[in-house]
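Trainee: This is final-v5.pdb (PDB, C-alpha atoms).
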```
ATOM      1  CA  MET A 487       4.442  -1.974 -17.928
ATOM      2  CA  ALA A 488       2.653  -4.637 -15.947
ATOM      3  CA  SER A 489      -0.905  -3.946 -14.873
ATOM      4  CA  GLY A 490      -2.470  -5.077 -11.638
ATOM      5  CA  LEU A 491      -5.972  -5.183 -13.102
ATOM      6  CA  CYS A 492      -7.283  -8.752 -12.922
ATOM      7  CA  PHE A 493     -10.467  -8.657 -15.027
ATOM      8  CA  PRO A 494     -11.640  -7.416 -18.430
ATOM      9  CA  CYS A 495     -11.925  -3.635 -18.310
ATOM     10  CA  THR A 496     -11.539  -0.451 -20.318
ATOM     11  CA  VAL A 497     -10.125   2.940 -19.393
ATOM     12  CA  ARG A 498     -12.181   5.801 -20.805
ATOM     13  CA  MET A 499     -13.407   9.296 -20.031
ATOM     14  CA  THR A 500     -16.132   9.751 -17.446
ATOM     15  CA  PRO A 501     -18.690  12.525 -17.644
ATOM     16  CA  ASP A 502     -17.292  14.325 -14.586
ATOM     17  CA  LYS A 503     -14.017  12.824 -13.294
ATOM     18  CA  GLY A 504     -11.640  12.499 -16.225
ATOM     19  CA  LEU A 505     -10.375   9.012 -16.938
ATOM     20  CA  GLY A 506     -11.949   6.062 -15.142
ATOM     21  CA  VAL A 507     -11.882   2.254 -15.189
ATOM     22  CA  PHE A 508     -15.001   0.469 -16.472
ATOM     23  CA  ALA A 509     -15.913  -3.229 -16.279
ATOM     24  CA  ASP A 510     -16.156  -4.981 -19.652
ATOM     25  CA  ALA A 511     -17.934  -7.979 -18.090
ATOM     26  CA  ASP A 512     -20.055  -8.675 -15.031
ATOM     27  CA  VAL A 513     -18.011  -9.102 -11.843
ATOM     28  CA  SER A 514     -19.259 -10.956  -8.769
ATOM     29  CA  GLU A 515     -19.019  -9.575  -5.249
ATOM     30  CA  GLY A 516     -15.658 -10.379  -3.662
ATOM     31  CA  ALA A 517     -13.859 -10.974  -6.972
ATOM     32  CA  THR A 518     -10.301  -9.648  -7.116
ATOM     33  CA  LEU A 519     -10.154  -6.589  -9.376
ATOM     34  CA  TRP A 520      -6.625  -5.276  -8.868
ATOM     35  CA  ARG A 521      -3.430  -6.156  -7.027
ATOM     36  CA  HIS A 522      -0.021  -4.592  -6.536
ATOM     37  CA  THR A 523       2.294  -5.806  -9.273
ATOM     38  CA  ALA A 524       6.059  -5.518  -9.024
ATOM     39  CA  GLY A 525       7.285  -2.695 -11.235
ATOM     40  CA  ALA A 526       3.868  -0.991 -11.447
ATOM     41  CA  PHE A 527       4.179   1.085  -8.265
ATOM     42  CA  GLU A 528       6.739   2.906  -6.189
ATOM     43  CA  VAL A 529       6.940   3.495  -2.464
ATOM     44  CA  LEU A 530       7.961   6.988  -1.395
ATOM     45  CA  ASP A 531       9.182   8.305   1.933
ATOM     46  CA  GLU A 532       9.595  11.989   2.762
ATOM     47  CA  ARG A 533      13.016  12.278   1.126
ATOM     48  CA  SER A 534      12.078  10.518  -2.122
ATOM     49  CA  LEU A 535       8.743  12.354  -2.440
ATOM     50  CA  THR A 536      10.451  15.717  -1.901
ATOM     51  CA  ALA A 537      13.028  14.885  -4.592
ATOM     52  CA  LEU A 538      10.319  13.754  -7.029
ATOM     53  CA  LEU A 539       8.289  16.939  -6.504
ATOM     54  CA  ALA A 540      11.374  19.152  -6.915
ATOM     55  CA  ALA A 541      12.276  17.509 -10.228
ATOM     56  CA  GLY A 542       9.041  18.462 -12.029
ATOM     57  CA  SER A 543       6.689  21.336 -12.655
ATOM     58  CA  ARG A 544       3.916  22.496 -10.342
ATOM     59  CA  GLY A 545       1.457  20.551 -12.502
ATOM     60  CA  ASP A 546       3.580  17.418 -12.163
ATOM     61  CA  ALA A 547       3.642  17.888  -8.381
ATOM     62  CA  VAL A 548      -0.136  18.288  -8.204
ATOM     63  CA  HIS A 549      -0.580  15.111 -10.262
ATOM     64  CA  VAL A 550       1.758  13.154  -7.983
ATOM     65  CA  LEU A 551       0.150  14.466  -4.791
ATOM     66  CA  THR A 552      -3.350  13.630  -6.008
ATOM     67  CA  HIS A 553      -2.306  10.108  -6.983
ATOM     68  CA  VAL A 554      -0.396   8.850  -3.939
ATOM     69  CA  VAL A 555      -2.031   6.578  -1.379
ATOM     70  CA  SER A 556      -1.346   6.370   2.352
ATOM     71  CA  MET A 557      -1.786   3.067   4.138
ATOM     72  CA  GLU A 558      -2.265   2.641   7.863
ATOM     73  CA  GLU A 559       0.085  -0.338   7.914
ATOM     74  CA  PHE A 560       3.002   1.718   6.587
ATOM     75  CA  PRO A 561       3.144   5.110   8.321
ATOM     76  CA  GLY A 562       5.828   7.352   6.897
ATOM     77  CA  PHE A 563       5.358   6.041   3.353
ATOM     78  CA  VAL A 564       2.997   6.667   0.441
ATOM     79  CA  VAL A 565       2.451   4.545  -2.644
ATOM     80  CA  ARG A 566       2.334   5.882  -6.195
ATOM     81  CA  HIS A 567       0.713   3.539  -8.704
ATOM     82  CA  HIS A 568       1.765   3.566 -12.346
ATOM     83  CA  ASP A 569      -0.894   1.314 -13.846
ATOM     84  CA  GLU A 570      -4.586   1.759 -14.612
ATOM     85  CA  GLY A 571      -5.486   1.042 -10.980
ATOM     86  CA  ALA A 572      -4.514   4.655 -10.255
ATOM     87  CA  LEU A 573      -7.515   5.686 -12.371
ATOM     88  CA  ILE A 574     -10.144   4.169 -10.071
ATOM     89  CA  ASN A 575     -12.157   7.228  -9.090
ATOM     90  CA  HIS A 576     -13.690   8.310  -5.781
ATOM     91  CA  ASP A 577     -17.315   7.897  -4.801
ATOM     92  CA  ALA A 578     -19.032   7.841  -1.413
ATOM     93  CA  ASP A 579     -20.969   4.753  -2.581
ATOM     94  CA  PRO A 580     -18.061   2.568  -3.720
ATOM     95  CA  ASN A 581     -18.221  -0.747  -5.545
ATOM     96  CA  VAL A 582     -14.512  -1.444  -4.835
ATOM     97  CA  ARG A 583     -12.827  -1.976  -1.467
ATOM     98  CA  ARG A 584      -9.564  -3.274  -0.120
ATOM     99  CA  LYS A 585      -9.651  -7.013   0.498
ATOM    100  CA  SER A 586      -8.891  -6.816   4.193
ATOM    101  CA  ASN A 587      -9.355  -4.296   6.926
ATOM    102  CA  ALA A 588      -6.431  -2.480   8.490
ATOM    103  CA  GLY A 589      -4.610  -4.560  11.037
ATOM    104  CA  ARG A 590      -4.990  -7.851   9.149
ATOM    105  CA  TYR A 591      -1.505  -7.658   7.692
ATOM    106  CA  PRO A 592       1.190  -9.273   9.851
ATOM    107  CA  PRO A 593       3.008  -6.621  11.917
ATOM    108  CA  PHE A 594       5.361  -4.664   9.697
ATOM    109  CA  ALA A 595       8.965  -4.761  10.881
ATOM    110  CA  GLY A 596      10.626  -3.180   7.847
ATOM    111  CA  GLU A 597      12.013   0.306   7.692
ATOM    112  CA  SER A 598      12.685   0.930   4.011
ATOM    113  CA  ALA A 599      10.649   1.603   0.897
ATOM    114  CA  ALA A 600      11.901  -1.746  -0.467
ATOM    115  CA  ASP A 601      10.470  -3.486   2.623
ATOM    116  CA  VAL A 602       7.093  -1.817   2.036
ATOM    117  CA  ALA A 603       7.174  -2.722  -1.661
ATOM    118  CA  ARG A 604       7.724  -6.393  -0.810
ATOM    119  CA  ALA A 605       4.926  -6.295   1.786
ATOM    120  CA  LEU A 606       2.441  -4.772  -0.693
ATOM    121  CA  LEU A 607       2.592  -7.928  -2.798
ATOM    122  CA  HIS A 608       0.633  -9.722  -0.012
ATOM    123  CA  PRO A 609      -2.931 -10.515  -1.197
ATOM    124  CA  CYS A 610      -4.542  -8.660   1.723
ATOM    125  CA  PHE A 611      -3.813  -5.432  -0.189
ATOM    126  CA  ASP A 612      -5.772  -6.519  -3.283
ATOM    127  CA  LEU A 613      -8.838  -4.534  -4.333
ATOM    128  CA  VAL A 614     -12.058  -6.536  -4.616
ATOM    129  CA  ALA A 615     -15.637  -5.947  -5.715
ATOM    130  CA  ALA A 616     -17.602  -4.629  -2.729
ATOM    131  CA  ARG A 617     -20.778  -5.780  -4.495
ATOM    132  CA  ALA A 618     -21.671  -7.201  -7.894
ATOM    133  CA  ILE A 619     -20.528  -4.933 -10.722
ATOM    134  CA  ALA A 620     -22.311  -4.962 -14.077
ATOM    135  CA  ALA A 621     -20.532  -4.713 -17.410
ATOM    136  CA  GLY A 622     -20.234  -1.008 -18.258
ATOM    137  CA  ASP A 623     -20.134   0.156 -14.619
ATOM    138  CA  GLU A 624     -17.263   2.350 -13.469
ATOM    139  CA  LEU A 625     -15.047   1.089 -10.645
ATOM    140  CA  LEU A 626     -15.293   3.475  -7.683
ATOM    141  CA  MET A 627     -13.582   3.599  -4.275
ATOM    142  CA  ASP A 628     -14.279   5.729  -1.227
ATOM    143  CA  TYR A 629     -10.999   7.595  -0.742
ATOM    144  CA  ASN A 630     -12.233   8.708   2.691
ATOM    145  CA  ASP A 631     -11.666   5.130   3.886
ATOM    146  CA  GLU A 632      -7.912   5.694   3.572
ATOM    147  CA  PRO A 633      -5.933   7.015   6.561
ATOM    148  CA  ASP A 634      -4.749  10.595   6.783
ATOM    149  CA  ASP A 635      -1.602  11.329   4.830
ATOM    150  CA  PRO A 636       1.703  11.622   6.693
ATOM    151  CA  PRO A 637       2.562  15.216   7.700
ATOM    152  CA  PHE A 638       5.173  15.513   4.932
ATOM    153  CA  VAL A 639       2.481  14.870   2.297
ATOM    154  CA  GLU A 640       0.086  17.341   3.899
ATOM    155  CA  GLU A 641       2.859  19.974   3.900
ATOM    156  CA  ALA A 642       3.628  19.293   0.224
ATOM    157  CA  CYS A 643      -0.094  19.638  -0.585
ATOM    158  CA  ARG A 644      -0.170  23.042   1.122
ATOM    159  CA  ARG A 645       2.997  24.114  -0.706
ATOM    160  CA  PHE A 646       1.597  23.136  -4.121
ATOM    161  CA  GLY A 647      -2.000  24.231  -3.465
ATOM    162  CA  VAL A 648      -3.612  20.791  -3.444
ATOM    163  CA  ASP A 649      -6.979  20.970  -1.675
ATOM    164  CA  TRP A 650      -8.770  17.759  -0.708
ATOM    165  CA  ASP A 651     -11.977  19.435   0.515
ATOM    166  CA  TRP A 652     -13.906  17.980  -2.434
ATOM    167  CA  LEU A 653     -13.557  14.557  -0.776
ATOM    168  CA  GLN A 654     -15.364  15.569   2.379
ATOM    169  CA  PRO A 655     -19.018  14.534   2.670
ATOM    170  CA  GLN A 656     -21.419  17.423   2.243
ATOM    171  CA  ILE A 657     -23.640  17.840   5.317
TER     172      ILE A 657
END
```
Just give me the structure of the file as structure tokens.
Mentor:
Amino acid sequence: MASGLCFPCTVRMTPDKGLGVFADADVSEGATLWRHTAGAFEVLDERSLTALLAAGSRGDAVHVLTHVVSMEEFPGFVVRHHDEGALINHDADPNVRRKSNAGRYPPFAGESAADVARALLHPCFDLVAARAIAAGDELLMDYNDEPDDPPFVEEACRRFGVDWDWLQPQI
């Protein structure tokens, strides 16, 4: 399978988060780290997500629901990544960010998952280094920067017992 990772890196266990992606070389701020690659992701709407969750076990459903991404530009859809980019872990002090801010993508006129998949190949959806990253550092994103999931994902999370409270900042 194609990988969207664009720099030398290794996937290995972290002390506290399971698998993570680690830089094998120094990376400068703003460098492209990952991009959507055709065949390495799928776009799901309510119907296709429901079918995917019904086809597997509860554990499979939890894995899917904890590895889909919502994007403000594409309400009604979530993206499931199948390459190592899905292993970039959460941290409130991220060293990875999306290349552009929401609203920078040309207005989306499509209505299908295939339309979203084509749109995601635009470079504004690349992930870049938010600051310089040293060789050996883990790549980390702030998942709280992502928009709320569509209601159908939130309902599926309730049904399968997925709790996202661990992402909320502790006050």
Trainee: I would like the residues chosen by the PyMOL selection byres ((chain A and resi 580) around 9) on the shown file; could you give them as a PyMOL selection string?
Mentor: chain A and resi 576-579+581-583+616-617+625-628
Trainee: Could you jot down the atom CA of Gly647 of chain A to atom CA of Glu624 of chain A separation for me, Å, one decimal place?
Mentor: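 Separation between atom CA of Gly647 of chain A and atom CA of Glu624 of chain A: 28.5 Å.
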Trainee: If the PyMOL selection byres ((chain A and resi 612) around 8) were run on this exact file, what residues would it hold? Put them as a list in words.
Mentor: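 This file gives the following for the PyMOL selection byres ((chain A and resi 612) around 8): Thr518, Leu519, Trp520, Arg521, His522, Arg584, Lys585, His608, Pro609, Cys610, Phe611, Leu613 and Val614 of chain A.
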Trainee: Could you tell me which of A:Arg566, A:Arg498, A:Arg533, A:Arg604 comes closest to Val554 of chain A if we count only C-alpha atoms?
Mentor: A:Arg566
Trainee: With distances taken over all atoms listed in the file, which of A:Ala524, A:Val548, A:Ala572, A:Ala541 is nearest to Asp649 of chain A?
Mentor: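 Residue with the minimum atom-to-atom distance to Asp649 of chain A: A:Val548.
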Trainee: Please indicate the distance in Å from atom CA of Ala603 of chain A to atom CA of Val529 of chain A, rounded to one decimal place.
Mentor: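 The value is 6.3 Å.
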Trainee: Here is a test: counting all atoms listed in the file, which residue of A:Gly562, A:Gly525, A:Gly545, A:Gly571 is nearest to Leu505 of chain A?
Mentor: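 Closest residue, counting all atoms listed in the file: A:Gly571.
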Trainee: Neighbours of segment 491-493 of chain A within 12 Å (all atoms listed in the file; same-chain residues fewer than 2 positions away dropped), as JSON, numbers by chain?
Mentor: {"A": [487, 488, 489, 495, 496, 497, 507, 508, 509, 510, 511, 512, 513, 514, 517, 518, 519, 520, 521, 522, 523, 526, 567, 568, 569, 570, 571, 572, 573, 574, 612, 613, 614, 615, 619, 621, 625]}
Trainee: Save the residues we just selected, C-alpha atoms, as a short mmCIF file (atom, residue, chain, number, x, y, z; two decimals), keeping the file's coordinate frame?
Mentor:
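Resulting contents of part.cif:
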```
data_model
loop_
_atom_site.label_atom_id
_atom_site.label_comp_id
_atom_site.auth_asym_id
_atom_site.auth_seq_id
_atom_site.Cartn_x
_atom_site.Cartn_y
_atom_site.Cartn_z
CA MET A 487 4.44 -1.97 -17.93
CA ALA A 488 2.65 -4.64 -15.95
CA SER A 489 -0.90 -3.95 -14.87
CA CYS A 495 -11.92 -3.64 -18.31
CA THR A 496 -11.54 -0.45 -20.32
CA VAL A 497 -10.12 2.94 -19.39
CA VAL A 507 -11.88 2.25 -15.19
CA PHE A 508 -15.00 0.47 -16.47
CA ALA A 509 -15.91 -3.23 -16.28
CA ASP A 510 -16.16 -4.98 -19.65
CA ALA A 511 -17.93 -7.98 -18.09
CA ASP A 512 -20.06 -8.68 -15.03
CA VAL A 513 -18.01 -9.10 -11.84
CA SER A 514 -19.26 -10.96 -8.77
CA ALA A 517 -13.86 -10.97 -6.97
CA THR A 518 -10.30 -9.65 -7.12
CA LEU A 519 -10.15 -6.59 -9.38
CA TRP A 520 -6.62 -5.28 -8.87
CA ARG A 521 -3.43 -6.16 -7.03
CA HIS A 522 -0.02 -4.59 -6.54
CA THR A 523 2.29 -5.81 -9.27
CA ALA A 526 3.87 -0.99 -11.45
CA HIS A 567 0.71 3.54 -8.70
CA HIS A 568 1.76 3.57 -12.35
CA ASP A 569 -0.89 1.31 -13.85
CA GLU A 570 -4.59 1.76 -14.61
CA GLY A 571 -5.49 1.04 -10.98
CA ALA A 572 -4.51 4.66 -10.26
CA LEU A 573 -7.52 5.69 -12.37
CA ILE A 574 -10.14 4.17 -10.07
CA ASP A 612 -5.77 -6.52 -3.28
CA LEU A 613 -8.84 -4.53 -4.33
CA VAL A 614 -12.06 -6.54 -4.62
CA ALA A 615 -15.64 -5.95 -5.72
CA ILE A 619 -20.53 -4.93 -10.72
CA ALA A 621 -20.53 -4.71 -17.41
CA LEU A 625 -15.05 1.09 -10.64
#
```
Trainee: Which of these, A:Asp623, A:Asp546, A:Val602, A:Glu515, has the shortest distance to Glu558 of chain A once you count only C-alpha atoms?
Mentor: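 That would be A:Val602, the residue with the smallest distance to Glu558 of chain A.
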Trainee: Of the candidates A:Leu535, A:Val648, A:Ala599, A:Met557, which shows the shortest atom-to-atom distance to Asp635 of chain A, using only C-alpha atoms?
Mentor: A:Met557
Trainee: Save segment 497-627 of chain A of the structure in the block above to a file, with C-alpha atoms included, as a short mmCIF file (atom, residue, chain, number, x, y, z; two decimals), in the first residue's frame.
Mentor:
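Everything below was put into part15.cif:
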```cif
data_model
loop_
_atom_site.label_atom_id
_atom_site.label_comp_id
_atom_site.auth_asym_id
_atom_site.auth_seq_id
_atom_site.Cartn_x
_atom_site.Cartn_y
_atom_site.Cartn_z
CA VAL A 497 6.90 3.44 13.38
CA ARG A 498 7.53 2.05 16.86
CA MET A 499 5.97 1.70 20.29
CA THR A 500 5.69 4.76 22.49
CA PRO A 501 5.89 4.58 26.26
CA ASP A 502 2.22 5.53 26.72
CA LYS A 503 0.26 5.67 23.43
CA GLY A 504 0.89 2.45 21.55
CA LEU A 505 2.39 2.82 18.10
CA GLY A 506 3.68 6.22 16.99
CA VAL A 507 5.62 7.80 14.12
CA PHE A 508 9.16 9.01 14.86
CA ALA A 509 11.46 11.18 12.73
CA ASP A 510 14.63 9.44 11.54
CA ALA A 511 16.21 12.77 10.53
CA ASP A 512 15.87 16.41 11.49
CA VAL A 513 12.89 18.13 9.86
CA SER A 514 12.62 21.89 9.37
CA GLU A 515 9.55 23.91 10.29
CA GLY A 516 7.00 23.94 7.47
CA ALA A 517 8.35 20.81 5.77
CA THR A 518 5.69 18.49 4.37
CA LEU A 519 5.47 15.34 6.50
CA TRP A 520 2.42 13.54 5.12
CA ARG A 521 -0.16 13.88 2.36
CA HIS A 522 -3.25 12.02 1.24
CA THR A 523 -2.25 9.36 -1.26
CA ALA A 524 -4.75 7.69 -3.56
CA GLY A 525 -5.51 4.19 -2.32
CA ALA A 526 -4.26 4.86 1.23
CA PHE A 527 -7.51 6.29 2.61
CA GLU A 528 -11.25 5.93 2.28
CA VAL A 529 -14.02 8.47 2.65
CA LEU A 530 -17.07 7.32 4.58
CA ASP A 531 -20.56 8.77 4.79
CA GLU A 532 -23.21 7.62 7.27
CA ARG A 533 -24.32 4.66 5.16
CA SER A 534 -20.82 3.33 4.43
CA LEU A 535 -19.61 3.82 8.02
CA THR A 536 -22.67 2.00 9.38
CA ALA A 537 -22.05 -0.91 6.99
CA LEU A 538 -18.35 -1.06 7.92
CA LEU A 539 -19.13 -1.10 11.66
CA ALA A 540 -21.80 -3.80 11.22
CA ALA A 541 -19.39 -6.07 9.34
CA GLY A 542 -16.86 -6.39 12.19
CA SER A 543 -16.56 -7.04 15.89
CA ARG A 544 -17.00 -4.47 18.64
CA GLY A 545 -13.21 -4.17 18.81
CA ASP A 546 -13.06 -3.53 15.07
CA ALA A 547 -15.72 -0.83 15.44
CA VAL A 548 -13.84 0.87 18.27
CA HIS A 549 -10.65 0.85 16.18
CA VAL A 550 -12.45 2.39 13.20
CA LEU A 551 -14.20 5.04 15.30
CA THR A 552 -10.97 6.07 17.01
CA HIS A 553 -9.16 6.36 13.68
CA VAL A 554 -11.55 8.38 11.52
CA VAL A 555 -11.05 12.10 10.97
CA SER A 556 -13.70 14.77 10.42
CA MET A 557 -12.88 17.79 8.29
CA GLU A 558 -14.74 21.08 8.36
CA GLU A 559 -14.62 21.33 4.58
CA PHE A 560 -16.53 18.07 4.12
CA PRO A 561 -19.44 17.88 6.58
CA GLY A 562 -21.25 14.57 6.42
CA PHE A 563 -18.07 12.60 5.70
CA VAL A 564 -15.18 11.16 7.70
CA VAL A 565 -11.83 9.94 6.43
CA ARG A 566 -10.20 6.66 7.44
CA HIS A 567 -6.47 6.48 6.75
CA HIS A 568 -4.80 3.16 6.00
CA ASP A 569 -1.15 4.20 6.09
CA GLU A 570 1.26 5.11 8.88
CA GLY A 571 -0.14 8.65 9.01
CA ALA A 572 -3.02 7.20 11.05
CA LEU A 573 -0.46 6.49 13.79
CA ILE A 574 0.40 10.14 14.47
CA ASN A 575 -0.61 10.50 18.10
CA HIS A 576 -2.36 13.30 19.99
CA ASP A 577 -0.66 15.91 22.13
CA ALA A 578 -1.77 19.35 23.29
CA ASP A 579 1.68 20.67 22.28
CA PRO A 580 1.82 19.40 18.69
CA ASN A 581 4.76 19.49 16.31
CA VAL A 582 2.51 18.64 13.32
CA ARG A 583 -0.33 20.70 11.85
CA ARG A 584 -2.42 20.81 8.72
CA LYS A 585 -0.85 22.95 6.02
CA SER A 586 -3.72 25.38 5.72
CA ASN A 587 -6.47 26.62 7.95
CA ALA A 588 -10.09 25.70 7.36
CA GLY A 589 -11.69 27.74 4.64
CA ARG A 590 -8.60 27.87 2.42
CA TYR A 591 -9.81 25.06 0.20
CA PRO A 592 -11.91 26.19 -2.76
CA PRO A 593 -15.63 25.81 -1.98
CA PHE A 594 -16.60 22.16 -2.14
CA ALA A 595 -19.40 21.46 -4.60
CA GLY A 596 -19.26 17.66 -4.60
CA GLU A 597 -21.76 15.39 -2.94
CA SER A 598 -20.14 11.96 -2.99
CA ALA A 599 -17.33 10.19 -1.18
CA ALA A 600 -15.49 10.01 -4.53
CA ASP A 601 -15.72 13.81 -4.81
CA VAL A 602 -14.23 14.19 -1.32
CA ALA A 603 -11.48 11.68 -2.11
CA ARG A 604 -10.46 13.67 -5.18
CA ALA A 605 -10.52 16.93 -3.19
CA LEU A 606 -8.29 15.49 -0.44
CA LEU A 607 -5.43 15.16 -2.92
CA HIS A 608 -5.13 19.00 -2.89
CA PRO A 609 -1.90 20.06 -1.11
CA CYS A 610 -3.75 22.26 1.39
CA PHE A 611 -4.62 19.04 3.27
CA ASP A 612 -0.97 18.02 3.72
CA LEU A 613 0.46 17.76 7.23
CA VAL A 614 3.54 19.88 7.90
CA ALA A 615 6.02 20.42 10.71
CA ALA A 616 4.61 23.07 13.06
CA ARG A 617 8.16 23.66 14.30
CA ALA A 618 11.56 22.05 13.79
CA ILE A 619 11.52 18.35 14.66
CA ALA A 620 14.69 16.58 15.77
CA ALA A 621 15.63 13.07 14.71
CA GLY A 622 14.10 10.68 17.24
CA ASP A 623 11.14 12.95 18.10
CA GLU A 624 7.62 11.57 17.83
CA LEU A 625 5.19 13.28 15.45
CA LEU A 626 2.24 14.66 17.44
CA MET A 627 -0.97 16.46 16.45
#
```
